[in-house]
Amino acid sequence: MRAIAAVLLLIALMPFAVADDAAPAAADAAAAPVIFKGTRGLAPVQVVYDYLKDRIADEHGLADYQSLAIRQQAKGEAGEQVQMEVVLAGLKDDAVASQRYQLGLVLADSGWDINSARQDWKCRRGGKGWTTKPCK
């Protein structure tokens with residue numbers, strides 16, 4: 001059952017583009033494809049929540065984790081780029097201890113756009129760090 005859930009989760013996350021760990025330069029950020037367009041006037045954390053809302057909570061606002069941590073770091077001289085990290089810890093899944101999303105945002109004329117996204121997991125068994133392979 002867990003294997004089926006992991007496959008379904010992987011399929012649901014297919015729109016995620018894998019980003020490398022290097023922070024893009026301002027010119028590269030503007031040229032990067034837009035994964036999700038934010039709405040003018042929203043803060044970066046609100047845009048990230050809108051993008052991840054189906055992954056963070058169900059239609060009733062309930063979740064299967066004990067804690068949610070969000071870290072935002074400004075990049076660029078004028079803060080026109082932002083790196084966000086969202087960590088869901090204390091998952092009820094018996095294989096996955098934590099799940100992490102790393103997102104890159106750039107300020108556009110229409111608001112904050114997500115131009116890079118990455119997901120990884122911390123397994124309960126056999127793994128000491130984060131892995132891009134779903135836990136078994």
# chains A, B, ... in the order shown; residues from 1 in each chain; ligands from 1
$ select_by_dssp --residues "stretch 13-136 of chain A" --states "helix (DSSP H, G or I)" --output "list in words"
Ala26, Ala27, Asp28, Ala29, Ala30, Ala31, Pro44, Val45, Gln46, Val47, Val48, Tyr49, Asp50, Tyr51, Leu52, Lys53, Asp54, Arg55 and Ile56 of chain A
$ residues_around --residues "stretch 123-126 of chain A" --least-positions-apart "4" --cutoff "7 Å" --atoms "only C-alpha atoms" --output "list of chain:residue names"
A:Ala95, A:Val96, A:Ala97, A:Cys135
$ residues_around --residues "A:Trp112" --least-positions-apart "6" --cutoff "10 Å" --atoms "only C-alpha atoms" --output "JSON, numbers by chain"
{"A": [36, 37, 38, 39, 40, 41, 42, 43, 44, 45, 46, 47, 48, 80, 81, 82, 104, 105, 106]}
$ atom_distance --atom1 "atom CA of A:Ala63" --atom2 "atom CA of A:Pro134"
18.9 Å
$ atom_distance --atom1 "atom CA of A:Met84" --atom2 "atom CA of A:Asp50"
13.3 Å
$ closest_residue --among "A:Gln66, A:Gln72, A:Thr131, A:Ser110" --to "A:Leu91" --atoms "only C-alpha atoms"
A:Gln66
$ residues_around --residues "A:Arg100" --least-positions-apart "5" --cutoff "12 Å" --atoms "only C-alpha atoms" --output "ChimeraX atom specification"
/A:52,55-56,67-71,84-91,117-123,129-132,134
$ atom_distance --atom1 "atom CA of A:Val34" --atom2 "atom CA of A:Asp113"
6.3 Å
$ decode --residues "stretch 105-128 of chain A" --atoms "N, CA, C and O atoms" --output "PDB file, in the first residue's frame"
ATOM      1  N   LEU A 105      12.009  31.725  -6.418  1.00  0.00           N
ATOM      2  CA  LEU A 105      11.038  32.695  -6.918  1.00  0.00           C
ATOM      3  C   LEU A 105      11.764  33.919  -7.452  1.00  0.00           C
ATOM      4  O   LEU A 105      12.838  34.275  -6.957  1.00  0.00           O
ATOM      5  N   VAL A 106      11.170  34.550  -8.429  1.00  0.00           N
ATOM      6  CA  VAL A 106      11.708  35.777  -8.988  1.00  0.00           C
ATOM      7  C   VAL A 106      10.556  36.776  -9.103  1.00  0.00           C
ATOM      8  O   VAL A 106       9.416  36.403  -9.406  1.00  0.00           O
ATOM      9  N   LEU A 107      10.842  38.040  -8.822  1.00  0.00           N
ATOM     10  CA  LEU A 107       9.823  39.082  -8.897  1.00  0.00           C
ATOM     11  C   LEU A 107       9.618  39.478 -10.347  1.00  0.00           C
ATOM     12  O   LEU A 107      10.561  39.875 -11.036  1.00  0.00           O
ATOM     13  N   ALA A 108       8.398  39.353 -10.826  1.00  0.00           N
ATOM     14  CA  ALA A 108       8.030  39.726 -12.196  1.00  0.00           C
ATOM     15  C   ALA A 108       7.046  40.886 -12.140  1.00  0.00           C
ATOM     16  O   ALA A 108       6.621  41.298 -11.059  1.00  0.00           O
ATOM     17  N   ASP A 109       6.660  41.396 -13.284  1.00  0.00           N
ATOM     18  CA  ASP A 109       5.703  42.508 -13.336  1.00  0.00           C
ATOM     19  C   ASP A 109       4.356  42.128 -12.730  1.00  0.00           C
ATOM     20  O   ASP A 109       3.676  42.963 -12.147  1.00  0.00           O
ATOM     21  N   SER A 110       3.988  40.847 -12.859  1.00  0.00           N
ATOM     22  CA  SER A 110       2.682  40.408 -12.372  1.00  0.00           C
ATOM     23  C   SER A 110       2.726  39.844 -10.956  1.00  0.00           C
ATOM     24  O   SER A 110       1.727  39.343 -10.457  1.00  0.00           O
ATOM     25  N   GLY A 111       3.886  39.879 -10.303  1.00  0.00           N
ATOM     26  CA  GLY A 111       4.020  39.344  -8.948  1.00  0.00           C
ATOM     27  C   GLY A 111       5.161  38.340  -8.897  1.00  0.00           C
ATOM     28  O   GLY A 111       5.980  38.253  -9.798  1.00  0.00           O
ATOM     29  N   TRP A 112       5.220  37.563  -7.831  1.00  0.00           N
ATOM     30  CA  TRP A 112       6.267  36.566  -7.660  1.00  0.00           C
ATOM     31  C   TRP A 112       5.957  35.329  -8.488  1.00  0.00           C
ATOM     32  O   TRP A 112       4.848  34.799  -8.427  1.00  0.00           O
ATOM     33  N   ASP A 113       6.939  34.860  -9.257  1.00  0.00           N
ATOM     34  CA  ASP A 113       6.814  33.645 -10.054  1.00  0.00           C
ATOM     35  C   ASP A 113       7.762  32.587  -9.506  1.00  0.00           C
ATOM     36  O   ASP A 113       8.907  32.895  -9.152  1.00  0.00           O
ATOM     37  N   ILE A 114       7.302  31.347  -9.463  1.00  0.00           N
ATOM     38  CA  ILE A 114       8.169  30.235  -9.086  1.00  0.00           C
ATOM     39  C   ILE A 114       8.844  29.747 -10.359  1.00  0.00           C
ATOM     40  O   ILE A 114       8.170  29.385 -11.329  1.00  0.00           O
ATOM     41  N   ASN A 115      10.178  29.768 -10.367  1.00  0.00           N
ATOM     42  CA  ASN A 115      10.903  29.349 -11.561  1.00  0.00           C
ATOM     43  C   ASN A 115      11.776  28.121 -11.335  1.00  0.00           C
ATOM     44  O   ASN A 115      12.424  27.643 -12.253  1.00  0.00           O
ATOM     45  N   SER A 116      11.813  27.610 -10.110  1.00  0.00           N
ATOM     46  CA  SER A 116      12.498  26.335  -9.850  1.00  0.00           C
ATOM     47  C   SER A 116      11.848  25.671  -8.648  1.00  0.00           C
ATOM     48  O   SER A 116      11.379  26.348  -7.733  1.00  0.00           O
ATOM     49  N   ALA A 117      11.794  24.344  -8.693  1.00  0.00           N
ATOM     50  CA  ALA A 117      11.188  23.594  -7.599  1.00  0.00           C
ATOM     51  C   ALA A 117      11.871  22.239  -7.503  1.00  0.00           C
ATOM     52  O   ALA A 117      12.228  21.636  -8.514  1.00  0.00           O
ATOM     53  N   ARG A 118      12.042  21.812  -6.290  1.00  0.00           N
ATOM     54  CA  ARG A 118      12.685  20.528  -6.034  1.00  0.00           C
ATOM     55  C   ARG A 118      12.025  19.911  -4.804  1.00  0.00           C
ATOM     56  O   ARG A 118      11.680  20.616  -3.857  1.00  0.00           O
ATOM     57  N   GLN A 119      11.871  18.591  -4.830  1.00  0.00           N
ATOM     58  CA  GLN A 119      11.293  17.883  -3.696  1.00  0.00           C
ATOM     59  C   GLN A 119      12.236  16.760  -3.311  1.00  0.00           C
ATOM     60  O   GLN A 119      12.809  16.089  -4.172  1.00  0.00           O
ATOM     61  N   ASP A 120      12.409  16.557  -2.008  1.00  0.00           N
ATOM     62  CA  ASP A 120      13.163  15.410  -1.532  1.00  0.00           C
ATOM     63  C   ASP A 120      12.607  14.948  -0.198  1.00  0.00           C
ATOM     64  O   ASP A 120      11.742  15.590   0.386  1.00  0.00           O
ATOM     65  N   TRP A 121      13.093  13.781   0.244  1.00  0.00           N
ATOM     66  CA  TRP A 121      12.565  13.129   1.423  1.00  0.00           C
ATOM     67  C   TRP A 121      13.684  12.733   2.369  1.00  0.00           C
ATOM     68  O   TRP A 121      14.807  12.502   1.950  1.00  0.00           O
ATOM     69  N   LYS A 122      13.346  12.601   3.638  1.00  0.00           N
ATOM     70  CA  LYS A 122      14.240  12.012   4.630  1.00  0.00           C
ATOM     71  C   LYS A 122      13.530  10.751   5.117  1.00  0.00           C
ATOM     72  O   LYS A 122      12.444  10.813   5.698  1.00  0.00           O
ATOM     73  N   CYS A 123      14.162   9.612   4.839  1.00  0.00           N
ATOM     74  CA  CYS A 123      13.553   8.310   5.160  1.00  0.00           C
ATOM     75  C   CYS A 123      13.789   7.944   6.622  1.00  0.00           C
ATOM     76  O   CYS A 123      14.785   8.326   7.217  1.00  0.00           O
ATOM     77  N   ARG A 124      12.874   7.171   7.165  1.00  0.00           N
ATOM     78  CA  ARG A 124      13.014   6.695   8.546  1.00  0.00           C
ATOM     79  C   ARG A 124      14.075   5.608   8.639  1.00  0.00           C
ATOM     80  O   ARG A 124      14.796   5.518   9.613  1.00  0.00           O
ATOM     81  N   ARG A 125      14.163   4.763   7.624  1.00  0.00           N
ATOM     82  CA  ARG A 125      15.090   3.639   7.648  1.00  0.00           C
ATOM     83  C   ARG A 125      16.134   3.800   6.550  1.00  0.00           C
ATOM     84  O   ARG A 125      15.821   4.148   5.422  1.00  0.00           O
ATOM     85  N   GLY A 126      17.373   3.507   6.896  1.00  0.00           N
ATOM     86  CA  GLY A 126      18.426   3.407   5.907  1.00  0.00           C
ATOM     87  C   GLY A 126      19.009   4.707   5.394  1.00  0.00           C
ATOM     88  O   GLY A 126      20.038   4.709   4.754  1.00  0.00           O
ATOM     89  N   GLY A 127      18.386   5.812   5.636  1.00  0.00           N
ATOM     90  CA  GLY A 127      18.899   7.070   5.119  1.00  0.00           C
ATOM     91  C   GLY A 127      19.256   8.033   6.225  1.00  0.00           C
ATOM     92  O   GLY A 127      18.546   8.148   7.207  1.00  0.00           O
ATOM     93  N   LYS A 128      20.378   8.692   6.060  1.00  0.00           N
ATOM     94  CA  LYS A 128      20.800   9.653   7.079  1.00  0.00           C
ATOM     95  C   LYS A 128      20.543  11.086   6.627  1.00  0.00           C
ATOM     96  O   LYS A 128      20.490  11.990   7.423  1.00  0.00           O
TER      97      LYS A 128
END
